[in-house]
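K.L.:
Contents of query-v6.tsv (TSV, C-alpha atoms) are below:
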```tsv
chain	number	residue	atom	x	y	z
A	624	MET	CA	61.63	65.26	-107.66
A	625	ILE	CA	58.57	67.53	-107.53
A	626	ASP	CA	58.16	67.08	-111.29
A	627	GLN	CA	58.26	63.32	-110.83
A	628	ILE	CA	55.72	63.47	-108.01
A	629	GLN	CA	53.37	65.45	-110.25
A	630	GLN	CA	53.86	63.01	-113.10
A	631	ILE	CA	53.18	60.03	-110.86
A	632	GLU	CA	50.00	61.67	-109.55
A	633	SER	CA	48.73	62.22	-113.09
A	634	LEU	CA	49.65	58.66	-114.01
A	635	GLN	CA	47.73	57.32	-111.02
A	636	ASN	CA	44.66	59.30	-112.09
A	637	SER	CA	44.94	58.01	-115.66
A	638	LEU	CA	45.29	54.44	-114.43
A	639	ALA	CA	42.18	54.91	-112.26
A	640	ALA	CA	40.33	56.06	-115.39
A	641	LEU	CA	41.56	52.98	-117.26
A	642	GLN	CA	40.40	50.79	-114.38
A	643	ALA	CA	36.97	52.45	-114.46
A	644	ASN	CA	36.70	51.58	-118.14
A	645	ARG	CA	37.57	47.96	-117.42
A	646	ILE	CA	35.09	47.88	-114.53
A	647	ARG	CA	32.32	48.98	-116.86
A	648	SER	CA	33.32	46.42	-119.49
A	649	PHE	CA	33.42	43.60	-116.94
A	650	ALA	CA	30.04	44.61	-115.50
A	651	ARG	CA	28.41	44.60	-118.93
A	652	THR	CA	29.93	41.22	-119.82
A	653	HIS	CA	28.96	39.64	-116.50
A	654	VAL	CA	25.39	40.93	-116.67
A	655	ASP	CA	24.95	39.79	-120.27
A	656	ARG	CA	26.12	36.29	-119.41
A	657	ARG	CA	23.98	36.04	-116.29
A	658	ILE	CA	20.92	37.21	-118.21
A	659	SER	CA	21.65	34.55	-120.85
A	660	ALA	CA	21.73	32.03	-117.99
A	661	GLY	CA	18.27	33.16	-116.86
A	662	VAL	CA	19.15	35.55	-114.03
A	663	VAL	CA	17.13	38.74	-114.53
A	664	ASP	CA	16.85	40.17	-111.01
A	665	PRO	CA	18.65	43.58	-111.19
A	666	ASP	CA	19.65	43.47	-107.52
A	667	LYS	CA	21.23	40.04	-107.83
A	668	LEU	CA	23.05	41.06	-110.99
A	669	GLU	CA	24.47	44.18	-109.35
A	670	ARG	CA	25.46	42.35	-106.16
A	671	GLY	CA	27.30	39.72	-108.19
A	672	VAL	CA	29.32	42.41	-109.97
A	673	ILE	CA	30.01	44.38	-106.80
A	674	ALA	CA	31.17	41.35	-104.84
A	675	GLN	CA	33.70	40.37	-107.51
A	676	LEU	CA	34.94	43.94	-107.96
A	677	GLY	CA	35.43	44.33	-104.23
A	678	LEU	CA	37.61	41.24	-104.08
A	679	ALA	CA	39.58	42.14	-107.22
A	680	CYS	CA	40.21	45.72	-106.08
A	681	ARG	CA	40.74	44.72	-102.43
A	682	VAL	CA	38.08	47.13	-101.20
A	683	SER	CA	34.77	46.86	-99.34
A	684	PRO	CA	31.46	46.28	-101.16
A	685	THR	CA	30.52	49.89	-100.45
A	686	GLU	CA	33.64	51.19	-102.21
A	687	ALA	CA	33.16	48.67	-105.03
A	688	ARG	CA	29.60	49.89	-105.54
A	689	SER	CA	30.83	53.49	-105.73
A	690	ARG	CA	33.44	52.57	-108.34
A	691	LEU	CA	30.91	50.65	-110.39
A	692	ARG	CA	28.44	53.52	-110.45
A	693	ALA	CA	31.17	56.01	-111.25
A	694	ALA	CA	32.31	53.87	-114.18
A	695	ARG	CA	28.72	53.69	-115.42
A	696	ASP	CA	27.81	57.36	-115.01
A	697	LEU	CA	31.02	58.60	-116.61
A	698	ARG	CA	29.73	57.05	-119.85
A	699	GLU	CA	26.25	58.51	-119.44
A	700	GLY	CA	26.61	62.24	-119.91
A	701	LEU	CA	29.90	63.15	-118.24
A	702	ASP	CA	32.09	63.18	-121.34
A	703	HIS	CA	34.14	66.26	-120.41
A	704	ILE	CA	34.72	64.98	-116.88
A	705	ARG	CA	35.73	61.58	-118.21
A	706	GLY	CA	38.22	63.26	-120.53
A	707	LEU	CA	39.86	65.07	-117.61
A	708	PHE	CA	39.99	61.80	-115.72
A	709	VAL	CA	41.68	59.96	-118.59
A	710	ALA	CA	44.16	62.82	-118.98
A	711	GLY	CA	45.08	62.51	-115.30
A	712	GLU	CA	43.77	65.99	-114.43
A	713	LEU	CA	41.15	64.85	-111.91
A	714	SER	CA	41.62	62.32	-109.10
A	715	ARG	CA	39.38	59.38	-108.29
A	716	ASP	CA	38.09	61.23	-105.21
A	717	LYS	CA	37.05	64.26	-107.27
A	718	ILE	CA	35.39	62.03	-109.84
A	719	ALA	CA	33.51	60.28	-107.05
A	720	ALA	CA	32.29	63.64	-105.71
A	721	ILE	CA	30.95	64.65	-109.15
A	722	VAL	CA	29.31	61.29	-109.80
A	723	THR	CA	27.67	61.24	-106.38
A	724	ALA	CA	26.25	64.74	-106.81
A	725	THR	CA	24.76	63.86	-110.23
A	726	ALA	CA	23.61	60.34	-109.35
A	727	ASP	CA	19.87	61.07	-109.57
A	728	LEU	CA	20.00	62.77	-112.98
A	729	ASP	CA	19.19	61.22	-116.34
A	730	THR	CA	21.75	61.21	-119.14
A	731	GLY	CA	20.53	64.49	-120.66
A	732	GLN	CA	20.57	66.36	-117.36
A	733	ARG	CA	23.99	64.95	-116.53
A	734	ALA	CA	25.25	66.12	-119.91
A	735	ALA	CA	23.92	69.62	-119.17
A	736	VAL	CA	25.85	69.68	-115.88
A	737	ASP	CA	28.93	68.38	-117.72
A	738	ALA	CA	28.69	71.23	-120.27
A	739	ARG	CA	28.43	73.84	-117.50
A	740	LEU	CA	31.40	72.32	-115.69
A	741	ALA	CA	33.47	72.60	-118.85
A	742	ALA	CA	33.43	76.39	-118.39
A	743	HIS	CA	35.36	76.08	-115.12
A	744	ASP	CA	38.98	75.17	-114.40
A	745	LEU	CA	38.12	72.17	-112.27
A	746	THR	CA	41.73	71.14	-111.75
A	747	ARG	CA	42.29	74.09	-109.41
A	748	LEU	CA	39.32	73.32	-107.14
A	749	GLY	CA	39.49	71.32	-103.93
A	750	ILE	CA	36.96	68.55	-103.39
A	751	GLY	CA	34.75	70.73	-101.16
A	752	ARG	CA	34.49	73.57	-103.67
A	753	LEU	CA	34.04	71.15	-106.54
A	754	ARG	CA	31.24	69.34	-104.72
A	755	ASP	CA	29.46	72.61	-103.93
A	756	LEU	CA	29.75	73.75	-107.55
A	757	VAL	CA	28.25	70.52	-108.91
A	758	ARG	CA	25.41	70.58	-106.38
A	759	ARG	CA	24.59	74.16	-107.31
A	760	LEU	CA	24.44	73.27	-110.99
A	761	VAL	CA	22.25	70.24	-110.25
A	762	ALA	CA	19.85	72.46	-108.28
A	763	GLU	CA	19.62	74.85	-111.25
A	764	ILE	CA	19.28	72.22	-114.00
A	765	ALA	CA	17.05	69.70	-112.20
A	766	PRO	CA	15.33	71.52	-109.31
A	767	GLU	CA	12.65	68.85	-108.82
A	768	LYS	CA	15.19	66.05	-108.48
A	769	PHE	CA	17.36	68.20	-106.25
A	770	ARG	CA	14.44	68.82	-103.91
A	771	SER	CA	13.46	65.14	-103.91
A	772	ARG	CA	17.01	64.21	-103.05
A	773	VAL	CA	17.09	66.63	-100.12
A	774	GLU	CA	13.77	65.29	-98.81
A	775	ALA	CA	15.00	61.71	-99.15
A	776	ALA	CA	18.20	62.58	-97.27
A	777	ARG	CA	16.20	64.06	-94.39
A	778	ALA	CA	14.22	60.84	-94.14
A	779	GLN	CA	17.50	58.97	-93.65
A	780	ARG	CA	18.62	60.92	-90.56
A	781	ARG	CA	20.37	58.65	-88.10
A	782	VAL	CA	23.07	58.26	-85.45
A	783	THR	CA	26.01	55.88	-85.92
A	784	LEU	CA	29.03	54.77	-83.94
A	785	ARG	CA	32.44	53.96	-85.43
A	786	PRO	CA	35.68	52.92	-83.74
A	787	ALA	CA	38.47	55.45	-83.41
A	788	PRO	CA	42.12	54.97	-82.40
A	789	ASP	CA	43.30	54.87	-78.79
A	790	GLY	CA	40.16	53.51	-77.13
A	791	MET	CA	37.90	56.22	-78.55
A	792	SER	CA	34.88	56.21	-80.88
A	793	TYR	CA	33.14	58.48	-83.36
A	794	LEU	CA	29.47	59.13	-82.53
A	795	THR	CA	28.02	60.69	-85.68
A	796	ALA	CA	24.62	62.30	-86.11
A	797	TYR	CA	23.37	62.62	-89.71
A	798	LEU	CA	20.90	65.49	-89.37
A	799	PRO	CA	19.18	68.21	-91.41
A	800	VAL	CA	21.58	71.14	-91.54
A	801	GLU	CA	19.48	73.45	-89.35
A	802	GLN	CA	19.24	70.79	-86.63
A	803	GLY	CA	22.97	70.11	-86.74
A	804	VAL	CA	23.74	73.83	-86.44
A	805	ALA	CA	21.31	74.14	-83.52
A	806	CYS	CA	22.94	71.21	-81.69
A	807	LEU	CA	26.42	72.67	-82.10
A	808	ALA	CA	25.21	76.08	-80.94
A	809	ALA	CA	23.69	74.52	-77.82
A	810	LEU	CA	26.94	72.73	-76.97
A	811	ARG	CA	28.94	75.92	-77.48
A	812	LYS	CA	26.52	77.75	-75.21
A	813	ALA	CA	27.15	75.10	-72.55
A	814	PHE	CA	30.88	75.87	-72.69
A	815	THR	CA	30.19	79.58	-72.35
A	816	GLU	CA	28.11	78.92	-69.22
A	817	VAL	CA	30.87	76.78	-67.70
A	818	SER	CA	33.60	79.28	-68.58
A	819	ILE	CA	31.88	82.18	-66.76
A	820	ALA	CA	30.97	80.12	-63.68
A	821	PRO	CA	32.84	80.89	-60.42
A	822	ALA	CA	34.45	77.41	-60.35
A	823	PRO	CA	37.90	77.11	-61.97
A	824	LEU	CA	37.82	75.95	-65.59
A	825	THR	CA	39.67	72.62	-65.76
A	826	ARG	CA	38.43	71.35	-69.14
A	827	SER	CA	38.93	72.55	-72.69
A	828	ARG	CA	36.11	73.73	-74.94
A	829	GLY	CA	36.07	70.38	-76.76
A	830	GLN	CA	35.98	68.40	-73.50
A	831	VAL	CA	33.09	70.44	-72.10
A	832	MET	CA	31.09	70.10	-75.33
A	833	ALA	CA	31.73	66.33	-75.49
A	834	ASP	CA	30.80	65.82	-71.84
A	835	THR	CA	27.66	67.92	-72.26
A	836	LEU	CA	26.60	65.83	-75.25
A	837	VAL	CA	26.98	62.61	-73.23
A	838	GLU	CA	25.14	64.04	-70.23
A	839	ARG	CA	22.18	65.31	-72.25
A	840	ALA	CA	21.92	62.15	-74.34
A	841	THR	CA	22.09	59.77	-71.36
A	842	GLY	CA	20.29	61.91	-68.80
A	843	LYS	CA	23.19	61.64	-66.36
A	844	SER	CA	24.53	64.55	-64.33
A	845	ALA	CA	28.13	63.68	-65.24
A	846	ALA	CA	29.58	62.07	-68.34
A	847	THR	CA	31.53	59.54	-66.24
A	848	ASP	CA	28.31	58.23	-64.64
A	849	VAL	CA	27.10	56.39	-67.73
A	850	ASP	CA	25.83	52.84	-67.27
A	851	ILE	CA	27.46	50.49	-69.76
A	852	GLU	CA	27.25	46.89	-70.85
A	853	VAL	CA	30.01	45.87	-73.20
A	854	GLN	CA	31.61	42.63	-74.30
A	855	VAL	CA	35.32	42.68	-73.48
A	856	LEU	CA	38.07	40.28	-74.52
A	857	VAL	CA	40.40	40.08	-71.54
A	858	PRO	CA	43.77	38.28	-71.78
A	859	VAL	CA	43.98	35.74	-68.98
A	860	GLU	CA	47.54	36.99	-68.35
A	861	ALA	CA	46.10	40.39	-67.36
A	862	LEU	CA	43.96	38.75	-64.68
A	863	ILE	CA	46.87	36.73	-63.28
A	864	ASP	CA	49.44	39.53	-63.41
A	865	PRO	CA	48.21	43.05	-62.44
A	866	ASP	CA	51.31	44.50	-64.13
A	867	SER	CA	50.71	42.74	-67.44
A	868	PRO	CA	50.98	45.16	-70.38
A	869	LEU	CA	48.46	43.19	-72.44
A	870	PRO	CA	45.36	45.29	-73.21
A	871	ALA	CA	41.75	44.24	-73.18
A	872	GLU	CA	39.76	44.59	-76.39
A	873	VAL	CA	36.22	45.71	-77.13
A	874	PRO	CA	35.24	43.78	-80.29
A	875	GLY	CA	34.78	46.16	-83.18
A	876	HIS	CA	36.44	49.04	-81.34
A	877	GLY	CA	39.98	47.86	-80.75
A	878	PRO	CA	42.29	47.57	-77.72
A	879	VAL	CA	42.00	49.58	-74.53
A	880	PRO	CA	44.06	49.43	-71.30
A	881	VAL	CA	42.42	47.05	-68.83
A	882	ASP	CA	42.48	49.56	-65.96
A	883	LEU	CA	40.63	52.23	-67.96
A	884	LEU	CA	37.57	50.00	-68.18
A	885	ALA	CA	37.07	50.59	-64.48
A	886	THR	CA	37.30	54.39	-64.47
A	887	THR	CA	33.60	55.19	-64.90
A	888	THR	CA	31.47	55.62	-61.79
A	889	GLY	CA	28.20	54.39	-63.29
A	890	ARG	CA	26.94	50.81	-63.27
A	891	LYS	CA	28.90	48.53	-65.60
A	892	ALA	CA	28.24	45.05	-66.90
A	893	LEU	CA	31.39	43.75	-68.57
A	894	ARG	CA	30.76	40.44	-70.31
A	895	ARG	CA	34.28	39.02	-70.35
A	896	LEU	CA	35.57	36.38	-72.74
A	897	LEU	CA	38.99	35.11	-71.70
A	898	THR	CA	41.68	34.79	-74.35
A	899	ARG	CA	45.20	33.42	-74.55
A	900	ASN	CA	47.29	34.93	-77.34
A	901	GLY	CA	44.05	36.30	-78.72
A	902	PHE	CA	42.40	32.86	-79.13
A	903	ILE	CA	38.84	32.50	-77.83
A	904	ILE	CA	37.96	29.01	-76.64
A	905	GLY	CA	34.34	27.92	-77.20
A	906	GLY	CA	32.19	24.83	-77.40
A	907	GLY	CA	30.11	23.13	-80.05
A	908	SER	CA	26.39	23.06	-80.63
A	909	ARG	CA	23.86	20.73	-82.19
A	910	GLN	CA	21.58	23.53	-83.26
A	911	ARG	CA	20.88	24.45	-86.88
A	912	PHE	CA	21.55	28.15	-86.22
A	913	PHE	CA	24.29	29.92	-84.31
A	914	THR	CA	22.62	31.43	-81.23
A	915	GLY	CA	23.40	32.49	-77.69
A	916	LEU	CA	26.96	32.28	-76.39
A	917	LEU	CA	28.16	30.36	-79.46
A	918	ALA	CA	27.05	33.20	-81.72
A	919	GLU	CA	28.76	35.69	-79.43
A	920	LEU	CA	31.98	33.69	-79.55
A	921	VAL	CA	32.02	33.57	-83.36
A	922	LYS	CA	31.41	37.32	-83.63
A	923	ALA	CA	33.89	38.17	-80.89
A	924	ARG	CA	36.56	36.02	-82.57
A	925	ALA	CA	36.10	38.14	-85.72
A	926	ARG	CA	36.17	41.35	-83.66
A	927	ARG	CA	32.58	41.87	-84.84
A	928	ARG	CA	33.67	42.60	-88.40
A	929	CYS	CA	32.89	40.70	-91.58
A	930	THR	CA	35.57	38.09	-92.26
A	931	GLU	CA	35.26	38.24	-96.06
A	932	PRO	CA	38.48	39.67	-97.55
A	933	TYR	CA	38.69	43.50	-97.60
A	934	CYS	CA	35.28	43.98	-95.92
A	935	ASP	CA	35.08	45.88	-92.63
A	936	ALA	CA	31.28	45.93	-92.36
A	937	PRO	CA	29.66	44.94	-89.04
A	938	ALA	CA	29.26	41.18	-88.66
A	939	ARG	CA	25.48	40.72	-88.55
A	940	HIS	CA	25.21	37.11	-89.80
A	941	ILE	CA	26.97	33.86	-88.97
A	942	ASP	CA	27.58	31.52	-91.88
A	943	HIS	CA	28.41	27.81	-91.88
A	944	ILE	CA	31.73	27.36	-93.72
A	945	ASP	CA	30.68	23.79	-94.49
A	946	ARG	CA	27.00	24.21	-95.28
A	947	SER	CA	24.49	22.94	-92.76
A	948	ALA	CA	22.52	21.40	-95.63
A	949	GLU	CA	25.63	19.31	-96.35
A	950	HIS	CA	25.88	18.22	-92.69
A	951	GLY	CA	28.29	20.95	-91.67
A	952	PRO	CA	28.28	21.26	-87.85
A	953	THR	CA	26.97	24.26	-85.97
A	954	ALA	CA	30.23	24.64	-84.07
A	955	LEU	CA	32.74	27.38	-83.37
A	956	GLU	CA	35.29	26.04	-85.84
A	957	ASN	CA	32.69	25.90	-88.63
A	958	GLY	CA	31.26	29.37	-88.11
A	959	ARG	CA	32.37	32.59	-89.75
A	960	ALA	CA	31.03	36.05	-89.00
A	961	VAL	CA	29.95	37.95	-92.11
A	962	CYS	CA	27.92	40.97	-93.12
A	963	GLU	CA	24.48	40.60	-94.69
A	964	PHE	CA	25.85	41.32	-98.17
A	965	HIS	CA	28.46	38.56	-98.12
A	966	ASN	CA	26.15	36.03	-96.47
A	967	TYR	CA	23.68	36.34	-99.34
A	968	ILE	CA	26.19	36.63	-102.17
A	969	ARG	CA	27.42	33.13	-101.35
A	970	GLU	CA	24.03	31.76	-102.38
A	971	GLN	CA	24.42	32.96	-105.95
A	972	PRO	CA	25.60	30.44	-108.60
A	973	GLY	CA	29.34	30.14	-109.01
A	974	TRP	CA	30.27	31.22	-105.48
A	975	ASN	CA	31.91	28.83	-103.05
A	976	VAL	CA	33.38	29.12	-99.55
A	977	ALA	CA	35.55	26.31	-98.22
A	978	ARG	CA	38.22	25.65	-95.65
A	979	SER	CA	41.73	25.08	-96.95
A	980	PRO	CA	45.03	24.30	-95.18
A	981	ASP	CA	45.88	28.01	-95.00
A	982	GLY	CA	42.44	29.31	-94.00
A	983	VAL	CA	39.00	29.95	-95.46
A	984	ARG	CA	38.90	30.64	-99.20
A	985	THR	CA	36.19	32.26	-101.30
A	986	THR	CA	35.94	31.25	-104.97
A	987	THR	CA	34.08	33.59	-107.35
A	988	PRO	CA	32.23	32.73	-110.59
A	989	THR	CA	35.34	33.67	-112.60
A	990	GLY	CA	37.39	31.05	-110.75
A	991	HIS	CA	39.46	33.52	-108.75
A	992	THR	CA	40.11	32.64	-105.12
A	993	TYR	CA	40.63	34.93	-102.11
A	994	LEU	CA	41.89	34.00	-98.65
A	995	ALA	CA	39.92	35.38	-95.71
A	996	PRO	CA	41.78	37.36	-93.04
A	997	GLU	CA	42.62	35.46	-89.87
A	998	ASP	CA	39.71	35.88	-87.45
A	999	ARG	CA	41.84	35.33	-84.40
A	1000	PHE	CA	45.34	36.26	-83.29
A	1001	ASP	CA	48.19	33.85	-83.94
A	1002	THR	CA	47.77	31.02	-81.44
A	1003	ARG	CA	51.05	29.31	-82.24
A	1004	ARG	CA	53.05	31.61	-79.99
A	1005	GLU	CA	53.74	30.38	-76.50
```
Mind converting the file's structure to C-alpha cells?

P.N.:
Amino acid sequence: MIDQIQQIESLQNSLAALQANRIRSFARTHVDRRISAGVVDPDKLERGVIAQLGLACRVSPTEARSRLRAARDLREGLDHIRGLFVAGELSRDKIAAIVTATADLDTGQRAAVDARLAAHDLTRLGIGRLRDLVRRLVAEIAPEKFRSRVEAARAQRRVTLRPAPDGMSYLTAYLPVEQGVACLAALRKAFTEVSIAPAPLTRSRGQVMADTLVERATGKSAATDVDIEVQVLVPVEALIDPDSPLPAEVPGHGPVPVDLLATTTGRKALRRLLTRNGFIIGGGSRQRFFTGLLAELVKARARRRCTEPYCDAPARHIDHIDRSAEHGPTALENGRAVCEFHNYIREQPGWNVARSPDGVRTTTPTGHTYLAPEDRFDTRRE
C-alpha cells in the first residue's frame, strides 16, 4: 500500500506537469487569437487567460495566475526543474516555490539558478529549505534584482484580516523581518511581566500575547473592551426562541453563537439583518447603481465573497446580472456581489453572465459554462 501511495503521488506530480504544459499552450493560442482580433493590451490578454483557467481548474484567479506564470517560467530557463516535475519527483507546491523565488529573473539568470540547483538532491528537501536555497542562489546570481525585490516587498507592508474557523480570525501583519521580530519580542516580554506579577496567572502565553496585541493596537486597557461595529445575520428564530441552536453569522467570517456577540464590555453597534433559513429579504431600487442598504443586502447575501465560481475574494463590486444598459433593474434579485477582477472580466468580448433556471451562469469565450454558487441558503425548507 505504501508503494501504491508513492506511485500515486508521483503520478499526481506528473499530471500537474502535463497540465502546466497544456496551460501554456492554451495561453499562447488564446493570446495569438486575441491579438489577431485587435486586442493588444497585455493586462487584458492576461486577465482573459487567467479567468478561463480559474474556471477550468476550479480555483481562484490568484491561484490561476500562479499556475499560468509557473507554466510560462518553466519553459524559460528552468529545464532541469521542469524535468523533475515531469518525472513526478517534485510537487506542484515545490515548483511554485521555485518559480516564485525566480520570478524577477530573465531567462539567462533563471537558467543559471537552474544549473546550480541541478547539483542538489532537491527531492529530499522540504518546501522551506528548498525556498531558502533558491533565494540564496538568486541573491548570488542576480544581487541587484534581489535587492530591488526586497525593497519592493518592504513597500508593500500591510495588515490583513482573514476568517478562521470557530468564530475566530487571522490578523496578519506583513512586515520587514526586523520589525516582525521586534513585535514578537515585545509581546513575549509582556507575558514575562504578567507571569512574574503577584496576581495569579490565569491565561496562557498565547492568550496574554494576543490580548496584549489587541490592547496596544486599540488603545484599550483590556482586550474585551474593544468598540465594534459589525454587520450580523441573525436568524429570526434565535430572536423568538432564546434556546434556539441557530447561530448568527458575520458575513465573510462565518457563524458564531448568538450569545457570544454580547460578551464584550466595550461599545457595540450590531447592524442586524434578519434571515429565515438563511434568506435575506430586501427591496428594489430605481437607481442605476447599487448603494446604501440595497448594496449591503446584496453583499451580505453573498457572505461578502465573490459569487463567481471558485473565487473567494472579497466582494467589492455589485454587478447587474441583466445589464443596466439593457434595462436590467437595480434590484436585489438582479444584483450579484463580485470581486473587482470578475466584474471587469465580464466586459471583455466573448464573456456573458445570465440567469438560468438553476442559477446564474457564466459563459466564457470558448463556450464553456459555469454555474455560480448559491449566494443564499436553501429557502425551500420550512

K.L.:
Ranking A:Leu638, A:Pro972, A:Ala813, A:Lys843 by minimum distance to Gln830 of chain A and counting only C-alpha atoms, which one comes first?

P.N.:
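Ranking A:Leu638, A:Pro972, A:Ala813, A:Lys843 by distance to Gln830 of chain A, first place goes to A:Ala813.
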
K.L.:
When distances are computed from all atoms listed in the file, which of A:Leu784, A:Leu713, A:Ile941, A:Ile704 shows the smallest separation from Ser633 of chain A?

P.N.:
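Ranked by minimum distance to Ser633 of chain A, first place goes to A:Leu713.
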
K.L.:
Using Å and a single decimal, report how far atom CA of Ser818 of chain A sits from atom CA of Ala805 of chain A.

P.N.:
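Separating atom CA of Ala805 of chain A from atom CA of Ser818 of chain A is a distance of 20.0 Å.
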
K.L.:
Any idea what the distance is between atom CA of Ser947 of chain A and atom CA of Gly661 of chain A?

P.N.:
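Straight-line distance from atom CA of Ser947 of chain A to atom CA of Gly661 of chain A works out to 26.9 Å.
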
K.L.:
Which one of A:Val800, A:Leu678, A:Leu740, A:Val976 sits closest to Leu753 of chain A if you count all atoms listed in the file?

P.N.:
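Nearest to Leu753 of chain A: A:Leu740.
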
K.L.:
Taking 5 positions as the minimum chain separation for residues in the same chain, which residues sit within 12 Å of Val672 of chain A when counting only C-alpha atoms? Answer as number ranges by chain.

P.N.:
A: 646-657, 665-667, 677-679, 684, 687-692, 968, 971, 987-989

K.L.:
Take the selection from the previous step and output its residues with C-alpha atoms, as a CSV table (one decimal), in the coordinates of the input.

P.N.:
```csv
chain,number,residue,atom,x,y,z
A,646,ILE,CA,35.1,47.9,-114.5
A,647,ARG,CA,32.3,49.0,-116.9
A,648,SER,CA,33.3,46.4,-119.5
A,649,PHE,CA,33.4,43.6,-116.9
A,650,ALA,CA,30.0,44.6,-115.5
A,651,ARG,CA,28.4,44.6,-118.9
A,652,THR,CA,29.9,41.2,-119.8
A,653,HIS,CA,29.0,39.6,-116.5
A,654,VAL,CA,25.4,40.9,-116.7
A,655,ASP,CA,25.0,39.8,-120.3
A,656,ARG,CA,26.1,36.3,-119.4
A,657,ARG,CA,24.0,36.0,-116.3
A,665,PRO,CA,18.6,43.6,-111.2
A,666,ASP,CA,19.6,43.5,-107.5
A,667,LYS,CA,21.2,40.0,-107.8
A,677,GLY,CA,35.4,44.3,-104.2
A,678,LEU,CA,37.6,41.2,-104.1
A,679,ALA,CA,39.6,42.1,-107.2
A,684,PRO,CA,31.5,46.3,-101.2
A,687,ALA,CA,33.2,48.7,-105.0
A,688,ARG,CA,29.6,49.9,-105.5
A,689,SER,CA,30.8,53.5,-105.7
A,690,ARG,CA,33.4,52.6,-108.3
A,691,LEU,CA,30.9,50.6,-110.4
A,692,ARG,CA,28.4,53.5,-110.4
A,968,ILE,CA,26.2,36.6,-102.2
A,971,GLN,CA,24.4,33.0,-106.0
A,987,THR,CA,34.1,33.6,-107.4
A,988,PRO,CA,32.2,32.7,-110.6
A,989,THR,CA,35.3,33.7,-112.6
```

K.L.:
Could you tell me how far atom CA of Thr783 of chain A sits from atom CA of Glu970 of chain A, in Å to one decimal place?

P.N.:
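Calculated distance between atom CA of Glu970 of chain A and atom CA of Thr783 of chain A is 29.3 Å.
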
K.L.:
Which residue gives the smallest distance to Leu836 of chain A among A:Ile721, A:Leu748, A:Leu807, A:Ala778, with all atoms listed in the file counted?

P.N.:
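Residue with the minimum atom-to-atom distance to Leu836 of chain A: A:Leu807.
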
K.L.:
Out of A:Arg927, A:Glu763, A:Gly973, A:Thr985, which residue has the shortest atom-to-atom distance to Ile944 of chain A when counting only C-alpha atoms?

P.N.:
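For Ile944 of chain A, the nearest of the given residues is A:Thr985.
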
K.L.:
Go through A:Ala734, A:Ala643, A:Cys680, A:Val662 one by one, measure the shortest atom-to-atom distance of each to Phe708 of chain A using only C-alpha atoms, and give the residue with the smallest value.

P.N.:
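Closest to Phe708 of chain A, using only C-alpha atoms: A:Ala643.
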
K.L.:
Find the residues near Glu931 of chain A: any atom within 12 Å, counting all atoms listed in the file, skip ones fewer than 6 places away on the same chain, and give them as number ranges by chain.

P.N.:
A: 674-675, 677-678, 681-684, 925, 937-938, 940-942, 944, 959-966, 968-969, 976, 982-986, 992-998
